[in-house]
Amino acid sequence: MRKIISIIFAVAMALTAGATDARNEAAPTGIIVDSVVTGVANGKLFLDMTLRFDSLRVTSNRRIVYTPVLTGIDSIGEAAFTPLMVNGRRQHISFERNRGDFEGLEIRRHDGKPQSFDYSASVDYQPWMEHAFLTLSNDYCGCGDILDRRKDTLDVIDRRRPQLFFKPLTCYVEPKAEGIKDRSESGSAFIDFRVNRTEIRPDYRRNTVELAKIISTVDLVRNDSNVTITAIDIHGYASPEGPYANNVRLAQGRAKALADYVARLRNFDRSIFNVASTPEDWDGLRRYVADSLHLDNTQGLLAVINDSTLAPDARDRRLRQRFPAQYAYLLENVYPALRHSDYTVHYTVRAFNLEEARRIFVDKPGQLSLQELFLVAQSYPAGSDEFNRVFDVAVHLFPKDPTANLNAAINAANRHDIVSAEQYIEKVPDCEEARQVRRAIDLIREINKQNTNH
């Protein structure tokens with residue numbers, strides 16, 4: 001099956017027209033051109049449209065040859081598609097017996113009955129076709145082999161004021177299968193320790209609440225039959241006040257104590273824990289001061305905090321001596337938050353079949369791979385609310401993935417949301433599908449402009 005990947009132009013729907021001949025009562029009274037779509041793929045420009053003959057009369061000995069013709073603006077180029085011969089009964093019989101030199105499509109017209117034909121053809125693509133007009137040439141023939149030939153044309157796109165029609169893009173790309181679905185859940189806890197101590201007391205100050213944050217994250221993963229915990233990272237931080245050597249001891253000891261507490265409470269093998277520490281969280285202090293709206297002399301504070309020529313103890317001492325009021329404020333209101341433990345629970349998720357994936361998508365879409373999300377989307381009618389939502393969620397879960405962004409851009413363009421489409425397509429490397437989306441965005445913009453002007 002051909003995949004159309006570039007919409008060049010399209011037309012107003014259901015234009016009634018035809019060649020009428022006042023000299024001959026048997027001339028055709030009209031056809032309807034419907035659902036015209038063009039696209040470029042593999043160096044070819046494809047034309048798909050439906051021709052409706054409900055009001056067209058073709059007597060038994062008559063024939064009409066319709067030829068779609070593409071003409072560039074200012075007549076810079078012209079290309080004819082495969083002709084279609086519409087025959088009356090006798091002409092159809094004659095054609096079947098002797099096709100002759102005619103190289104095209106042929107159907108028999110059943111007068112007085114609803115009838116349509118799904119026309120599909122292609123020509124070699126040329127750059128001038130990017131902006132062109134499509135006409136339908138009617139070659140009206142007399143009876144038998146005696147051709148009283150005259151040509152009329154039906155403007156499928158009005159040359160004076162083209163009416164553009166956007167056909168939804170279909171060039172969605174299926175993502176590659178994800179070998180192992182690695183996932184993680186992270187957070188921070190602020191465990192209170194007694195001065196210069198590293199052992200954890202669960203009932204000390206707010207520790208009950210803070211420890212519950214870690215345990216609930218672990219249990220959220222641990223109690224899910226679809227996942228397997230592979231590692232737990234714990235990184236402990238101490239605040240910058242006091243001797244650096246002591247802060248090294250405290251940060252290391254407190255991080256290890258927290259890992260031991262979680263392992264003991266949930267009966268984990270200690271080998272799955274990765275424990276690290278940062279003796280003094282100068283980065284956290286730097287971020288707070290840089291963003292502060294309450295402190296005076298933030299530039300002076302930052303100059304000391306960023307002075308890498310000073311050892312940590314000298315830096316702390318200079319802050320305290322030069323900015324005593326600000327230091328006191330930081331010590332009371334900011335430093336407690338710098339004594340924190342960051343934790344990450346790593347886990348893998350099993351693969352899901354389509355029915356399972358659709359159920360998982362409702363509550364835990366993050367457990368699905370990008371390919372599984374794509375298959376879930378394809379299980380819904382294209383353009384439906386469910387279909388659109390899956391692509392929106394996919395790009396939210398995989399914001400840096402080129403395929404997720406490409407499919408989200410296509411979906412946004414199909415909804416005429418060119419603002420979102422442009423944001424997504426900027427994250428996609430150049431490829432034919434991305435160029436297709438950009439052409440579609442330009443077309444939608446032209447449609448919006450045309451609708452505004454008219």
# chains A, B, ... in the order shown; residues from 1 in each chain; ligands from 1

call {"tool": "residues_around", "arguments": {"residues": "region 188-191 of chain A", "least_positions_apart": "5", "cutoff": "10 Å", "atoms": "only C-alpha atoms", "output": "number ranges by chain"}}
result
A: 200-202, 204-214, 234-237, 254, 258, 336-344

call {"tool": "select_by_dssp", "arguments": {"residues": "region 187-300 of chain A", "states": "alpha helix (DSSP H)", "output": "PyMOL selection string"}}
result
chain A and resi 207-222+244-266+282-291+298-300

call {"tool": "residues_around", "arguments": {"residues": "Thr217 (chain A)", "least_positions_apart": "6", "cutoff": "8 Å", "atoms": "only C-alpha atoms", "output": "PyMOL selection string"}}
result
chain A and resi 185-186+345

call {"tool": "select_by_dssp", "arguments": {"residues": "region 146-269 of chain A", "states": "strand (DSSP E or B)", "output": "VMD selection string"}}
result
chain A and resid 150 to 155 181 to 189 227 to 237

call {"tool": "write_last_selection", "arguments": {"atoms": "N, CA and C atoms", "output": "mmCIF file, in the first residue's frame"}}
result
data_model
loop_
_atom_site.group_PDB
_atom_site.id
_atom_site.type_symbol
_atom_site.label_atom_id
_atom_site.label_comp_id
_atom_site.auth_asym_id
_atom_site.auth_seq_id
_atom_site.Cartn_x
_atom_site.Cartn_y
_atom_site.Cartn_z
ATOM 1 N N ARG A 150 -13.650 17.334 -29.433
ATOM 2 C CA ARG A 150 -13.544 18.706 -28.933
ATOM 3 C C ARG A 150 -13.156 18.627 -27.468
ATOM 4 N N LYS A 151 -12.371 19.572 -26.983
ATOM 5 C CA LYS A 151 -11.892 19.522 -25.603
ATOM 6 C C LYS A 151 -12.447 20.689 -24.803
ATOM 7 N N ASP A 152 -12.993 20.333 -23.661
ATOM 8 C CA ASP A 152 -13.400 21.323 -22.666
ATOM 9 C C ASP A 152 -12.602 21.038 -21.405
ATOM 10 N N THR A 153 -12.482 22.033 -20.539
ATOM 11 C CA THR A 153 -11.781 21.807 -19.274
ATOM 12 C C THR A 153 -12.642 22.253 -18.111
ATOM 13 N N LEU A 154 -12.558 21.494 -17.065
ATOM 14 C CA LEU A 154 -13.209 21.836 -15.806
ATOM 15 C C LEU A 154 -12.124 22.237 -14.825
ATOM 16 N N ASP A 155 -12.177 23.451 -14.297
ATOM 17 C CA ASP A 155 -11.207 23.883 -13.303
ATOM 18 C C ASP A 155 -11.525 23.204 -11.981
ATOM 19 N N LYS A 181 12.718 -1.802 29.282
ATOM 20 C CA LYS A 181 12.035 -0.576 29.707
ATOM 21 C C LYS A 181 12.531 -0.180 31.102
ATOM 22 N N ASP A 182 13.591 0.612 31.123
ATOM 23 C CA ASP A 182 14.125 1.121 32.394
ATOM 24 C C ASP A 182 13.370 2.368 32.799
ATOM 25 N N ARG A 183 12.919 2.409 34.033
ATOM 26 C CA ARG A 183 12.183 3.552 34.546
ATOM 27 C C ARG A 183 12.729 3.912 35.927
ATOM 28 N N SER A 184 12.331 5.048 36.455
ATOM 29 C CA SER A 184 12.772 5.449 37.787
ATOM 30 C C SER A 184 11.781 6.420 38.405
ATOM 31 N N GLU A 185 11.772 6.434 39.717
ATOM 32 C CA GLU A 185 10.997 7.396 40.501
ATOM 33 C C GLU A 185 11.947 8.063 41.475
ATOM 34 N N SER A 186 11.893 9.398 41.557
ATOM 35 C CA SER A 186 12.850 10.133 42.380
ATOM 36 C C SER A 186 12.153 11.092 43.334
ATOM 37 N N GLY A 187 12.905 11.525 44.336
ATOM 38 C CA GLY A 187 12.379 12.505 45.280
ATOM 39 C C GLY A 187 13.463 12.949 46.236
ATOM 40 N N SER A 188 13.090 13.839 47.153
ATOM 41 C CA SER A 188 14.008 14.324 48.188
ATOM 42 C C SER A 188 13.320 14.248 49.539
ATOM 43 N N ALA A 189 14.085 13.862 50.545
ATOM 44 C CA ALA A 189 13.565 13.828 51.918
ATOM 45 C C ALA A 189 14.492 14.649 52.800
ATOM 46 N N VAL A 227 6.506 -4.670 37.524
ATOM 47 C CA VAL A 227 7.843 -4.074 37.556
ATOM 48 C C VAL A 227 8.763 -4.855 38.483
ATOM 49 N N THR A 228 10.064 -4.642 38.288
ATOM 50 C CA THR A 228 11.098 -5.248 39.126
ATOM 51 C C THR A 228 12.101 -4.176 39.512
ATOM 52 N N ILE A 229 12.296 -3.968 40.817
ATOM 53 C CA ILE A 229 13.274 -2.984 41.284
ATOM 54 C C ILE A 229 14.678 -3.498 41.003
ATOM 55 N N THR A 230 15.495 -2.660 40.386
ATOM 56 C CA THR A 230 16.864 -3.056 40.045
ATOM 57 C C THR A 230 17.910 -2.333 40.890
ATOM 58 N N ALA A 231 17.609 -1.147 41.394
ATOM 59 C CA ALA A 231 18.569 -0.402 42.213
ATOM 60 C C ALA A 231 17.858 0.735 42.937
ATOM 61 N N ILE A 232 18.452 1.135 44.055
ATOM 62 C CA ILE A 232 17.969 2.303 44.794
ATOM 63 C C ILE A 232 19.177 3.186 45.081
ATOM 64 N N ASP A 233 19.139 4.409 44.586
ATOM 65 C CA ASP A 233 20.218 5.372 44.817
ATOM 66 C C ASP A 233 19.834 6.289 45.964
ATOM 67 N N ILE A 234 20.768 6.519 46.875
ATOM 68 C CA ILE A 234 20.568 7.499 47.948
ATOM 69 C C ILE A 234 21.788 8.402 47.988
ATOM 70 N N HIS A 235 21.538 9.708 47.889
ATOM 71 C CA HIS A 235 22.615 10.696 47.890
ATOM 72 C C HIS A 235 22.337 11.685 49.028
ATOM 73 N N GLY A 236 23.245 11.687 50.004
ATOM 74 C CA GLY A 236 23.074 12.562 51.156
ATOM 75 C C GLY A 236 23.862 13.853 51.033
ATOM 76 N N TYR A 237 23.269 14.948 51.511
ATOM 77 C CA TYR A 237 23.901 16.272 51.473
ATOM 78 C C TYR A 237 23.924 16.866 52.881
#

call {"tool": "closest_residue", "arguments": {"among": "A:Gly300, A:Gly77, A:Pro168, A:Pro312", "to": "Tyr244 (chain A)", "atoms": "only C-alpha atoms"}}
result
A:Pro312

call {"tool": "closest_residue", "arguments": {"among": "A:Val349, A:Ser379, A:Leu354, A:Ile76", "to": "Gly366 (chain A)", "atoms": "only C-alpha atoms"}}
result
A:Val349

call {"tool": "residues_around", "arguments": {"residues": "region 89-102 of chain A", "least_positions_apart": "5", "cutoff": "8 Å", "atoms": "only C-alpha atoms", "output": "short mmCIF file (atom, residue, chain, number, x, y, z; two decimals) with N, CA and C atoms, in the first residue's frame"}}
result
data_model
loop_
_atom_site.label_atom_id
_atom_site.label_comp_id
_atom_site.auth_asym_id
_atom_site.auth_seq_id
_atom_site.Cartn_x
_atom_site.Cartn_y
_atom_site.Cartn_z
N THR A 59 -24.73 7.85 -23.86
CA THR A 59 -25.52 6.89 -24.62
C THR A 59 -24.65 5.73 -25.08
N SER A 60 -25.29 4.68 -25.55
CA SER A 60 -24.63 3.41 -25.80
C SER A 60 -23.43 3.53 -26.73
N ASN A 61 -23.52 4.43 -27.75
CA ASN A 61 -22.45 4.54 -28.73
C ASN A 61 -21.47 5.67 -28.43
N ARG A 62 -21.55 6.25 -27.23
CA ARG A 62 -20.71 7.41 -26.90
C ARG A 62 -19.58 7.04 -25.95
N ARG A 63 -18.59 7.91 -25.95
CA ARG A 63 -17.50 7.78 -24.99
C ARG A 63 -16.98 9.17 -24.65
N ILE A 107 -14.11 2.59 -17.80
CA ILE A 107 -15.28 2.06 -17.11
C ILE A 107 -16.50 2.21 -18.02
N ARG A 108 -17.52 1.45 -17.74
CA ARG A 108 -18.79 1.59 -18.45
C ARG A 108 -19.73 2.42 -17.60
N ARG A 109 -20.39 3.39 -18.24
CA ARG A 109 -21.39 4.21 -17.55
C ARG A 109 -22.75 3.54 -17.65
N HIS A 110 -23.42 3.39 -16.50
CA HIS A 110 -24.78 2.87 -16.43
C HIS A 110 -25.72 4.06 -16.25
N GLY A 144 -18.83 5.25 -32.53
CA GLY A 144 -17.92 4.33 -33.19
C GLY A 144 -16.49 4.82 -33.15
#

call {"tool": "closest_residue", "arguments": {"among": "A:Gly112, A:Leu302, A:Gly253, A:Asn226", "to": "Glu356 (chain A)", "atoms": "only C-alpha atoms"}}
result
A:Asn226

call {"tool": "atom_distance", "arguments": {"atom1": "CA of Arg318 (chain A)", "atom2": "CA of Arg197 (chain A)"}}
result
26.4 Å

call {"tool": "residues_around", "arguments": {"residues": "Val195 (chain A)", "least_positions_apart": "3", "cutoff": "12 Å", "atoms": "only C-alpha atoms", "output": "MDAnalysis selection string"}}
result
chainID A and resid 192 198:200 238 242 246:247 250 254

call {"tool": "closest_residue", "arguments": {"among": "A:Pro243, A:Arg389, A:Ala409, A:Leu373", "to": "Arg317 (chain A)", "atoms": "only C-alpha atoms"}}
result
A:Pro243

call {"tool": "residues_around", "arguments": {"residues": "Val395 (chain A)", "least_positions_apart": "2", "cutoff": "7 Å", "atoms": "only C-alpha atoms", "output": "list of chain:residue names"}}
result
A:Phe391, A:Asp392, A:Val393, A:Leu397, A:Phe398, A:Pro399, A:Ala404, A:Asn405, A:Ala408

call {"tool": "write_last_selection", "arguments": {"atoms": "N, CA, C and O atoms", "output": "mmCIF file, in the first residue's frame"}}
result
data_model
loop_
_atom_site.group_PDB
_atom_site.id
_atom_site.type_symbol
_atom_site.label_atom_id
_atom_site.label_comp_id
_atom_site.auth_asym_id
_atom_site.auth_seq_id
_atom_site.Cartn_x
_atom_site.Cartn_y
_atom_site.Cartn_z
ATOM 1 N N PHE A 391 -0.973 10.494 21.616
ATOM 2 C CA PHE A 391 0.215 11.160 21.065
ATOM 3 C C PHE A 391 0.644 12.328 21.947
ATOM 4 O O PHE A 391 1.842 12.596 22.085
ATOM 5 N N ASP A 392 -0.312 13.040 22.553
ATOM 6 C CA ASP A 392 0.040 14.126 23.467
ATOM 7 C C ASP A 392 0.756 13.592 24.698
ATOM 8 O O ASP A 392 1.739 14.169 25.171
ATOM 9 N N VAL A 393 0.267 12.477 25.242
ATOM 10 C CA VAL A 393 0.903 11.876 26.416
ATOM 11 C C VAL A 393 2.288 11.334 26.047
ATOM 12 O O VAL A 393 3.240 11.473 26.810
ATOM 13 N N LEU A 397 5.830 12.201 27.876
ATOM 14 C CA LEU A 397 6.670 11.211 28.545
ATOM 15 C C LEU A 397 8.058 11.107 27.919
ATOM 16 O O LEU A 397 9.031 10.763 28.597
ATOM 17 N N PHE A 398 8.154 11.377 26.621
ATOM 18 C CA PHE A 398 9.427 11.273 25.896
ATOM 19 C C PHE A 398 9.704 12.612 25.194
ATOM 20 O O PHE A 398 9.732 12.677 23.959
ATOM 21 N N PRO A 399 9.912 13.687 25.946
ATOM 22 C CA PRO A 399 9.978 15.037 25.358
ATOM 23 C C PRO A 399 11.171 15.277 24.433
ATOM 24 O O PRO A 399 11.132 16.195 23.623
ATOM 25 N N ALA A 404 8.781 10.713 18.858
ATOM 26 C CA ALA A 404 7.641 11.203 19.639
ATOM 27 C C ALA A 404 7.265 12.612 19.206
ATOM 28 O O ALA A 404 6.079 12.951 19.076
ATOM 29 N N ASN A 405 8.269 13.462 18.983
ATOM 30 C CA ASN A 405 8.001 14.834 18.563
ATOM 31 C C ASN A 405 7.458 14.899 17.138
ATOM 32 O O ASN A 405 6.594 15.722 16.843
ATOM 33 N N ALA A 408 3.837 13.790 17.318
ATOM 34 C CA ALA A 408 3.050 14.836 17.970
ATOM 35 C C ALA A 408 2.846 16.022 17.039
ATOM 36 O O ALA A 408 1.777 16.643 17.031
#

call {"tool": "residues_around", "arguments": {"residues": "Leu330 (chain A)", "least_positions_apart": "5", "cutoff": "12 Å", "atoms": "only C-alpha atoms", "output": "PyMOL selection string"}}
result
chain A and resi 239-241+284-286+288-289+292+294-296+298+301+316+319-320+323-325+335-338

call {"tool": "write_last_selection", "arguments": {"atoms": "C-alpha atoms", "output": "PDB file, in the first residue's frame"}}
result
ATOM      1  CA  SER A 239      24.912  22.172  54.709  1.00  0.00           C
ATOM      2  CA  PRO A 240      28.065  24.351  54.400  1.00  0.00           C
ATOM      3  CA  GLU A 241      28.408  25.572  58.009  1.00  0.00           C
ATOM      4  CA  GLY A 284      21.902  24.457  46.440  1.00  0.00           C
ATOM      5  CA  LEU A 285      23.004  27.563  48.339  1.00  0.00           C
ATOM      6  CA  ARG A 286      24.058  29.226  45.074  1.00  0.00           C
ATOM      7  CA  TYR A 288      18.763  29.947  46.408  1.00  0.00           C
ATOM      8  CA  VAL A 289      20.789  33.160  46.639  1.00  0.00           C
ATOM      9  CA  SER A 292      16.219  35.258  46.145  1.00  0.00           C
ATOM     10  CA  HIS A 294      14.467  38.855  50.002  1.00  0.00           C
ATOM     11  CA  LEU A 295      18.232  39.045  50.522  1.00  0.00           C
ATOM     12  CA  ASP A 296      20.295  42.208  50.263  1.00  0.00           C
ATOM     13  CA  THR A 298      23.063  38.978  46.587  1.00  0.00           C
ATOM     14  CA  LEU A 301      27.140  36.781  48.475  1.00  0.00           C
ATOM     15  CA  ASP A 316      31.986  29.801  55.010  1.00  0.00           C
ATOM     16  CA  LEU A 319      30.335  34.752  54.321  1.00  0.00           C
ATOM     17  CA  ARG A 320      29.814  34.904  58.061  1.00  0.00           C
ATOM     18  CA  PHE A 323      27.549  39.474  55.580  1.00  0.00           C
ATOM     19  CA  PRO A 324      26.547  38.673  59.190  1.00  0.00           C
ATOM     20  CA  ALA A 325      22.856  39.623  58.805  1.00  0.00           C
ATOM     21  CA  TYR A 335      20.590  25.746  55.502  1.00  0.00           C
ATOM     22  CA  PRO A 336      18.094  23.219  56.930  1.00  0.00           C
ATOM     23  CA  ALA A 337      16.823  22.573  53.391  1.00  0.00           C
ATOM     24  CA  LEU A 338      20.400  21.931  52.240  1.00  0.00           C
TER      25      LEU A 338
END

call {"tool": "closest_residue", "arguments": {"among": "A:Asn414, A:Gln326, A:Asn353, A:Ser216", "to": "Ser369 (chain A)", "atoms": "only C-alpha atoms"}}
result
A:Asn353

call {"tool": "closest_residue", "arguments": {"among": "A:Val69, A:Met129, A:Val390, A:Cys431", "to": "Gln378 (chain A)", "atoms": "only C-alpha atoms"}}
result
A:Val390

call {"tool": "decode", "arguments": {"residues": "region 56-74 of chain A", "atoms": "C-alpha atoms", "output": "mmCIF file, in the first residue's frame"}}
result
data_model
loop_
_atom_site.group_PDB
_atom_site.id
_atom_site.type_symbol
_atom_site.label_atom_id
_atom_site.label_comp_id
_atom_site.auth_asym_id
_atom_site.auth_seq_id
_atom_site.Cartn_x
_atom_site.Cartn_y
_atom_site.Cartn_z
ATOM 1 C CA LEU A 56 -23.833 12.185 -16.475
ATOM 2 C CA ARG A 57 -25.529 10.678 -19.551
ATOM 3 C CA VAL A 58 -23.456 8.591 -21.935
ATOM 4 C CA THR A 59 -25.521 6.889 -24.620
ATOM 5 C CA SER A 60 -24.627 3.405 -25.803
ATOM 6 C CA ASN A 61 -22.452 4.544 -28.732
ATOM 7 C CA ARG A 62 -20.711 7.405 -26.902
ATOM 8 C CA ARG A 63 -17.497 7.781 -24.992
ATOM 9 C CA ILE A 64 -15.825 10.548 -22.997
ATOM 10 C CA VAL A 65 -12.165 10.651 -22.039
ATOM 11 C CA TYR A 66 -11.332 12.586 -18.877
ATOM 12 C CA THR A 67 -7.693 13.590 -18.347
ATOM 13 C CA PRO A 68 -6.537 15.362 -15.162
ATOM 14 C CA VAL A 69 -3.924 17.958 -16.094
ATOM 15 C CA LEU A 70 -1.587 19.695 -13.674
ATOM 16 C CA THR A 71 -0.463 23.177 -14.742
ATOM 17 C CA GLY A 72 2.103 25.301 -12.954
ATOM 18 C CA ILE A 73 1.402 28.895 -11.995
ATOM 19 C CA ASP A 74 2.189 31.180 -14.961
#
